[in-house]
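Asks: Got a structure for you, written out below as structure tokens; questions coming shortly.
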Amino acid sequence: METIKYIVKRLVLALIILLGVSVIIYGLSRMMPTDFVDQYYAGAIANGTMTQADIDRIKELYGLNMPDAYLTLTVGEGSEYAGVKVRANTKEDTYESEVKYGKSYLYWYTGGTNMTTTAAQAYDNSDNIRIRLSQDGVYQIGTIVDKGVVPPEDLENNPDATIEYELVFLPKESGTFTLIETEDMSRSEIRNIQVELSNGTKYVVKVEYRVATGGEKAKAILGGYFGWLGNMFKGDLGMSFKFKQPVAQAIFKNMGISFAIALVATILQFLIAIPLGIKAATNQYGVVDYSVTVLTMMGISLPTFFFAAIVIRIFAFGLGWFEVGGIVSPKLPSDATWIMRFGDTLWHMVLPMFVLVVLSIGSLMRYTRTNTLEALNADYVRTARAKGLSERSVIYKHAFRNTMVPLVTLLAGTLPSLFGGAMITETVFSIPGVGKMAYDALIAGDIPFIMGYNMFLAILTVLGTLLSDLMYAVVDPRVKIGK
């Protein structure tokens, strides 16, 4: 009963911790310098097929929009929509560096350039009212009756598909517009708009420009965060921009290969590091101790990408024993049996596993050595020796069990490493695991995937910590759960 109460208490605490972690992850993700949506549609903006307003609407749909400045239009008397205000996001540097010193106000208001004539800018409000200004002088005002995104299954089934924004705009008033300009107006003075509808009605649309306040930016960030958090509680981590499939599906579909590599590497790490640590401790300051220490310190000090490059240079390019790149050999026959395919996959995993094991045994070995030395100097070990027990029995029956107690803390980091993938190693060896996917998503600025992946690691870390606490009671009967 006490154990159940303890587990429930820890799970409640874990939820609070994960909530705090989610805030940090979201904040860091939003501060990334790379933006996938901006990069992806940069060409479309350059050739005039899309405007910045279109990009902003896509970001807003995913809760990623960050207001920089606003253009607000107020409809004048004479329109059915008199007094209505609509606005669009703009860039502060667009006004300061371009419009204010020479760029046409028409291009700014319509989101176009002197290279295009078909650009159009949409100004919306919370009542789904829209004003549309086209670079060719067409003015429209009406309502938006529907909006959404292309269904995820359509994106997944079509590798050439793009994340598009769908809506139905129903214009109620249409006509033409011109900018109200006089010779005595300075370049920095905002121009209003003169509208003439198709029925001859004329009215003025007032234009205001202002920079977004810190509160408005914070509101946008918080709105995006709570929207993402609500979807996460529903089990929806969002749609990956780069991989064009749900984030959860992308993670779990590519987690198998990462788990297999990490599991074998972890088993080998413990099988090698713990005996080496005990051997070094029982031969303190001897040849074995110094030799093992030097080799393990080299392993700890070497960067993963550097050591992996050396291994590839020697065993793949130099000796030609292994192939590098993926997990399937291009020379494998198409009619190969499953045993041949399995063996080929294992052969491709040898070098990545070797790198992971060599670089990870050092810290575990030093940890085991230190704990064993401490145990060997304890009173109960001296008592065991005084009773005439063999040195082997003293070490492995008495000292080793107490050495294992601190090692249990390493379980907290085992789960993330098993299921989260080895980002650098998988990238260097081109292993299609979840670690390489995370690296590719990070480079591309795929925020939904990055956030989902990091929350996945955070959950595994919290569960691993809970598991390590429970294991204390297994290896040390003196520890009572809930006390």
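Ligands are numbered from 1 in the order shown, chains are lettered A, B, ... in the order of the structure tokens, and residues start at 1 in each chain.
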Among range 200-329 of chain A, which residues does DSSP mark as strand (DSSP E) when it is run on the backbone? Keep the chain and numbering as in the structure and answer as a PyMOL selection string.

Replies: chain A and resi 202-211

Asks: Would you save the residues from that selection as a tab-separated table (two decimals), in the first residue's frame, using all heavy atoms?

Replies:
chain	number	residue	atom	x	y	z
A	202	LYS	N	-18.34	55.73	-52.77
A	202	LYS	CA	-16.96	56.01	-52.40
A	202	LYS	C	-16.85	56.19	-50.89
A	202	LYS	O	-17.74	56.73	-50.26
A	202	LYS	CB	-16.45	57.29	-53.09
A	202	LYS	CG	-16.40	57.21	-54.61
A	202	LYS	CD	-15.86	58.51	-55.19
A	202	LYS	CE	-15.80	58.45	-56.71
A	202	LYS	NZ	-15.26	59.71	-57.30
A	203	TYR	N	-15.75	55.72	-50.33
A	203	TYR	CA	-15.46	55.97	-48.93
A	203	TYR	C	-13.96	55.79	-48.69
A	203	TYR	O	-13.23	55.25	-49.54
A	203	TYR	CB	-16.28	55.07	-48.00
A	203	TYR	CG	-16.15	53.58	-48.22
A	203	TYR	CD1	-15.10	52.85	-47.65
A	203	TYR	CD2	-17.11	52.88	-48.95
A	203	TYR	CE1	-15.01	51.49	-47.83
A	203	TYR	CE2	-17.02	51.51	-49.13
A	203	TYR	CZ	-15.97	50.82	-48.57
A	203	TYR	OH	-15.87	49.46	-48.74
A	204	VAL	N	-13.54	56.26	-47.53
A	204	VAL	CA	-12.12	56.24	-47.18
A	204	VAL	C	-11.87	55.14	-46.15
A	204	VAL	O	-12.65	54.95	-45.22
A	204	VAL	CB	-11.66	57.60	-46.61
A	204	VAL	CG1	-10.21	57.52	-46.13
A	204	VAL	CG2	-11.81	58.68	-47.68
A	205	VAL	N	-10.77	54.42	-46.34
A	205	VAL	CA	-10.32	53.44	-45.37
A	205	VAL	C	-9.06	53.99	-44.70
A	205	VAL	O	-8.06	54.25	-45.37
A	205	VAL	CB	-10.02	52.07	-46.03
A	205	VAL	CG1	-9.43	51.11	-44.99
A	205	VAL	CG2	-11.27	51.48	-46.64
A	206	LYS	N	-9.16	54.21	-43.40
A	206	LYS	CA	-8.02	54.76	-42.67
A	206	LYS	C	-7.01	53.66	-42.37
A	206	LYS	O	-7.36	52.56	-41.99
A	206	LYS	CB	-8.50	55.40	-41.36
A	206	LYS	CG	-7.40	56.08	-40.57
A	206	LYS	CD	-7.94	56.69	-39.28
A	206	LYS	CE	-6.82	57.35	-38.48
A	206	LYS	NZ	-7.32	57.91	-37.21
A	207	VAL	N	-5.73	53.99	-42.54
A	207	VAL	CA	-4.64	53.02	-42.32
A	207	VAL	C	-3.80	53.48	-41.13
A	207	VAL	O	-3.39	54.64	-41.05
A	207	VAL	CB	-3.76	52.88	-43.56
A	207	VAL	CG1	-2.67	51.83	-43.33
A	207	VAL	CG2	-4.59	52.50	-44.78
A	208	GLU	N	-3.55	52.57	-40.22
A	208	GLU	CA	-2.70	52.84	-39.06
A	208	GLU	C	-1.60	51.79	-38.99
A	208	GLU	O	-1.84	50.61	-39.25
A	208	GLU	CB	-3.51	52.81	-37.77
A	208	GLU	CG	-4.56	53.91	-37.66
A	208	GLU	CD	-5.38	53.78	-36.39
A	208	GLU	OE1	-5.88	52.66	-36.12
A	208	GLU	OE2	-5.51	54.79	-35.68
A	209	TYR	N	-0.42	52.26	-38.62
A	209	TYR	CA	0.72	51.35	-38.47
A	209	TYR	C	1.26	51.50	-37.05
A	209	TYR	O	1.44	52.61	-36.55
A	209	TYR	CB	1.83	51.68	-39.46
A	209	TYR	CG	3.17	51.08	-39.11
A	209	TYR	CD1	3.43	49.74	-39.36
A	209	TYR	CD2	4.17	51.84	-38.50
A	209	TYR	CE1	4.65	49.18	-39.03
A	209	TYR	CE2	5.39	51.28	-38.17
A	209	TYR	CZ	5.63	49.96	-38.44
A	209	TYR	OH	6.85	49.40	-38.10
A	210	ARG	N	1.51	50.38	-36.40
A	210	ARG	CA	2.13	50.43	-35.08
A	210	ARG	C	2.90	49.14	-34.82
A	210	ARG	O	2.58	48.07	-35.38
A	210	ARG	CB	1.10	50.65	-33.98
A	210	ARG	CG	0.14	49.51	-33.74
A	210	ARG	CD	-0.79	49.79	-32.57
A	210	ARG	NE	-1.72	48.70	-32.35
A	210	ARG	CZ	-1.43	47.63	-31.61
A	210	ARG	NH1	-0.24	47.51	-31.06
A	210	ARG	NH2	-2.33	46.66	-31.44
A	211	VAL	N	3.91	49.27	-33.98
A	211	VAL	CA	4.72	48.12	-33.60
A	211	VAL	C	4.00	47.34	-32.50
A	211	VAL	O	3.38	47.93	-31.62
A	211	VAL	CB	6.10	48.59	-33.10
A	211	VAL	CG1	6.94	47.42	-32.63
A	211	VAL	CG2	6.83	49.36	-34.19

Asks: Applying 12 Å and only C-alpha atoms, which residues near Ile17 in chain A remain after dropping the ones on its own chain fewer than 4 positions away? List them as a list of chain:residue names.

Replies: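 Those residues are A:Arg10, A:Leu11, A:Val12, A:Leu13, A:Val21, A:Ser22, A:Val23, A:Ile24, A:Met455, A:Ala458, A:Ile459, A:Thr461, A:Val462, A:Leu463.
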
Asks: Please, could you write that set of residues out with C-alpha atoms as a CSV table (one decimal), in the first residue's frame?

Replies:
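And here's out.csv as it stands now:
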chain,number,residue,atom,x,y,z
A,10,ARG,CA,5.6,10.7,-7.7
A,11,LEU,CA,3.4,10.6,-10.8
A,12,VAL,CA,1.6,13.7,-9.6
A,13,LEU,CA,4.9,15.4,-9.0
A,21,VAL,CA,9.6,21.3,-18.9
A,22,SER,CA,7.0,21.9,-21.6
A,23,VAL,CA,7.2,25.6,-20.9
A,24,ILE,CA,11.0,25.6,-21.3
A,455,MET,CA,8.6,16.1,-24.6
A,458,ALA,CA,11.3,14.4,-20.9
A,459,ILE,CA,8.6,11.8,-20.2
A,461,THR,CA,13.5,10.8,-18.1
A,462,VAL,CA,10.8,11.2,-15.5
A,463,LEU,CA,9.8,7.6,-15.8

Asks: Go through A:Ile141, A:Asn283, A:Leu359, A:Asp236 one by one, measure the shortest atom-to-atom distance of each to Leu302 in chain A using only C-alpha atoms, and give the residue with the smallest value.

Replies: A:Leu359

Asks: May I have the residues within 7 Å of Val138 in chain A as a list in words, using only C-alpha atoms and disregarding those fewer than 5 positions away in the same chain?

Replies: Leu133, Gly175, Thr176 and Phe177 of chain A

Asks: Store the residues picked out above, limited to N, CA, C and O atoms, as a short mmCIF file (atom, residue, chain, number, x, y, z; two decimals), in the first residue's frame.

Replies:
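result.cif was written with the following content:
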data_model
loop_
_atom_site.label_atom_id
_atom_site.label_comp_id
_atom_site.auth_asym_id
_atom_site.auth_seq_id
_atom_site.Cartn_x
_atom_site.Cartn_y
_atom_site.Cartn_z
N LEU A 133 -6.75 43.51 -50.43
CA LEU A 133 -6.19 44.52 -51.32
C LEU A 133 -5.24 43.86 -52.30
O LEU A 133 -4.28 43.19 -51.89
N GLY A 175 -14.63 46.62 -55.58
CA GLY A 175 -14.37 47.83 -56.35
C GLY A 175 -12.89 48.01 -56.56
O GLY A 175 -12.13 47.03 -56.64
N THR A 176 -12.47 49.25 -56.63
CA THR A 176 -11.06 49.58 -56.81
C THR A 176 -10.62 50.52 -55.69
O THR A 176 -11.44 51.11 -54.99
N PHE A 177 -9.31 50.66 -55.53
CA PHE A 177 -8.80 51.56 -54.51
C PHE A 177 -7.56 52.28 -55.02
O PHE A 177 -6.86 51.78 -55.92
#

Asks: Sorted by chain and rising residue number, list the residues of range 212-261 of chain A at most 10 Å from range 338-358 of chain A (counting only C-alpha atoms), each with its closest atom pair and distance in Å to one decimal, as JSON lines.

Replies:
{"residue": "A:Ile257", "atom": "CA", "partner": "A:Met349", "partner_atom": "CA", "distance": 9.4}
{"residue": "A:Ala260", "atom": "CA", "partner": "A:Met349", "partner_atom": "CA", "distance": 9.2}
{"residue": "A:Ile261", "atom": "CA", "partner": "A:Met353", "partner_atom": "CA", "distance": 6.1}

Asks: Based on the selection just made, write all heavy atoms of those residues as an mmCIF file, in the first residue's frame.

Replies:
data_model
loop_
_atom_site.group_PDB
_atom_site.id
_atom_site.type_symbol
_atom_site.label_atom_id
_atom_site.label_comp_id
_atom_site.auth_asym_id
_atom_site.auth_seq_id
_atom_site.Cartn_x
_atom_site.Cartn_y
_atom_site.Cartn_z
ATOM 1 N N ILE A 257 14.812 1.020 -34.874
ATOM 2 C CA ILE A 257 16.233 0.855 -35.184
ATOM 3 C C ILE A 257 17.094 1.523 -34.125
ATOM 4 O O ILE A 257 18.144 1.004 -33.726
ATOM 5 C CB ILE A 257 16.544 1.424 -36.598
ATOM 6 C CG1 ILE A 257 17.978 1.130 -36.980
ATOM 7 C CG2 ILE A 257 16.259 2.910 -36.661
ATOM 8 C CD1 ILE A 257 18.257 -0.330 -37.208
ATOM 9 N N ALA A 260 17.093 -0.747 -31.012
ATOM 10 C CA ALA A 260 17.917 -1.947 -31.187
ATOM 11 C C ALA A 260 19.397 -1.625 -30.981
ATOM 12 O O ALA A 260 20.110 -2.353 -30.274
ATOM 13 C CB ALA A 260 17.679 -2.536 -32.574
ATOM 14 N N ILE A 261 19.863 -0.543 -31.597
ATOM 15 C CA ILE A 261 21.276 -0.166 -31.457
ATOM 16 C C ILE A 261 21.598 0.182 -30.011
ATOM 17 O O ILE A 261 22.610 -0.255 -29.449
ATOM 18 C CB ILE A 261 21.600 1.023 -32.385
ATOM 19 C CG1 ILE A 261 21.474 0.592 -33.851
ATOM 20 C CG2 ILE A 261 23.000 1.554 -32.117
ATOM 21 C CD1 ILE A 261 21.665 1.727 -34.842
#

Asks: Could you tell me how far CA of Pro246 in chain A sits from CA of Ile16 in chain A, in Å to one decimal place?

Replies: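 About the pair CA of Ile16 in chain A and CA of Pro246 in chain A: they are 25.6 Å apart.
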
Asks: Have a look at CA of Glu92 in chain A and CA of Asp136 in chain A and let me know their distance in Å, one decimal.

Replies: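 So the two atoms, CA of Glu92 in chain A and CA of Asp136 in chain A, lie 24.4 Å apart.
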
Asks: For CA of Phe243 in chain A and CA of Thr414 in chain A, quote the distance in Å rounded to one decimal.

Replies: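 Separation between CA of Phe243 in chain A and CA of Thr414 in chain A: 27.2 Å.
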
Asks: Env of Thr143 in chain A: 6 Å cut, atoms = only C-alpha atoms, seq-sep filter 2 positions within chain, self excluded. Answer as an MDAnalysis selection string.

Replies: chainID A and resid 128:130 169:170
